[in-house]
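Structure first, then comments.
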Amino acid sequence: MLHTFFIAPTSIQTGLTSISLGLIRALDERGLRVAFCKPVAVMPTNPAEERSTQMVRMGTRLTPPQPLDLKYAQQMISDRQLDRLMEEVIRLHRLAAKDADVIIIE
């Protein structure tokens, strides 16, 4: 059974990615198959530079999917496309969680 941990910040610059990386390592050391997904992110000019996903890719064996751009998600909400947006988020979750025991959602 897949377990999903949703990690949410209480304010900005709280170390959310550090906590996610620590959880990934701790769960991996206990023999669990861990996955990571950040479904929506503020994207820099170059999407390959989104920090959380890149840090997970560089610091672990995981290959999380690229998050959706926050501006794109906001536009979908404005266009009343919330169902479609949620389908995309669920697709990312399923893609990341394939073969995992635990997934960390940041």
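Simple scheme: letters A, B, ... for chains in structure tokens order, numbers from 1 for residues in each chain, numbers from 1 for ligands in the order shown.
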Which polymer residues have any atom within 9 Å of an atom of Leu68 of chain A, counting only C-alpha atoms, with same-chain residues fewer than 2 positions away left out, as a list in words? Lys38, Pro39, Val40, Ala41, Val42, Met43, Gln66, Leu70, Lys71, Tyr72, Ala73, Glu88, Val89 and Leu92 of chain A
Could the residues in this selection be written to a file with N, CA and C atoms, as an mmCIF file, in the first residue's frame?
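Everything below was put into again-v8.cif:
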```cif
data_model
loop_
_atom_site.group_PDB
_atom_site.id
_atom_site.type_symbol
_atom_site.label_atom_id
_atom_site.label_comp_id
_atom_site.auth_asym_id
_atom_site.auth_seq_id
_atom_site.Cartn_x
_atom_site.Cartn_y
_atom_site.Cartn_z
ATOM 1 N N LYS A 38 7.071 17.175 -6.556
ATOM 2 C CA LYS A 38 6.647 18.548 -6.292
ATOM 3 C C LYS A 38 5.716 18.894 -7.453
ATOM 4 N N PRO A 39 4.407 18.781 -7.259
ATOM 5 C CA PRO A 39 3.490 18.907 -8.391
ATOM 6 C C PRO A 39 3.441 20.296 -9.026
ATOM 7 N N VAL A 40 3.609 21.347 -8.231
ATOM 8 C CA VAL A 40 3.548 22.714 -8.755
ATOM 9 C C VAL A 40 4.696 23.504 -8.151
ATOM 10 N N ALA A 41 5.365 24.300 -8.990
ATOM 11 C CA ALA A 41 6.503 25.076 -8.498
ATOM 12 C C ALA A 41 6.589 26.406 -9.234
ATOM 13 N N VAL A 42 7.166 27.390 -8.555
ATOM 14 C CA VAL A 42 7.528 28.643 -9.215
ATOM 15 C C VAL A 42 8.715 28.296 -10.095
ATOM 16 N N MET A 43 8.528 28.423 -11.401
ATOM 17 C CA MET A 43 9.572 27.998 -12.323
ATOM 18 C C MET A 43 10.472 29.159 -12.712
ATOM 19 N N GLN A 66 9.111 16.547 -13.643
ATOM 20 C CA GLN A 66 9.190 18.008 -13.633
ATOM 21 C C GLN A 66 7.853 18.572 -13.163
ATOM 22 N N LEU A 70 3.793 27.246 -11.686
ATOM 23 C CA LEU A 70 2.773 27.895 -10.874
ATOM 24 C C LEU A 70 1.878 28.809 -11.715
ATOM 25 N N LYS A 71 2.468 29.554 -12.642
ATOM 26 C CA LYS A 71 1.667 30.454 -13.492
ATOM 27 C C LYS A 71 0.667 29.650 -14.324
ATOM 28 N N TYR A 72 1.082 28.512 -14.807
ATOM 29 C CA TYR A 72 0.201 27.635 -15.579
ATOM 30 C C TYR A 72 -0.947 27.156 -14.692
ATOM 31 N N ALA A 73 -0.627 26.721 -13.476
ATOM 32 C CA ALA A 73 -1.662 26.251 -12.545
ATOM 33 C C ALA A 73 -2.630 27.378 -12.198
ATOM 34 N N GLU A 88 -3.791 16.523 -13.893
ATOM 35 C CA GLU A 88 -2.359 16.638 -14.172
ATOM 36 C C GLU A 88 -1.524 16.395 -12.910
ATOM 37 N N VAL A 89 -1.984 16.913 -11.781
ATOM 38 C CA VAL A 89 -1.282 16.689 -10.510
ATOM 39 C C VAL A 89 -1.304 15.199 -10.157
ATOM 40 N N LEU A 92 1.173 13.323 -12.269
ATOM 41 C CA LEU A 92 2.538 13.473 -11.760
ATOM 42 C C LEU A 92 2.764 12.586 -10.538
#
```
Excluding same-chain residues fewer than 3 positions from segment 21-26 of chain A, what lies within 12 Å of it counting only C-alpha atoms, as a PyMOL selection string? chain A and resi 5-7+15-18+29-37+52-62+100-106
Mind listing the helix (DSSP H, G or I) residues of chain A, per DSSP on the backbone, as number ranges by chain? A: 16-29, 47-49, 51-59, 70-78, 82-97
Could you tell me how far atom CA of Thr14 of chain A lies from atom CA of Arg51 of chain A, in Å and to one decimal?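 Computing the Euclidean distance for atom CA of Thr14 of chain A and atom CA of Arg51 of chain A yields 14.4 Å.
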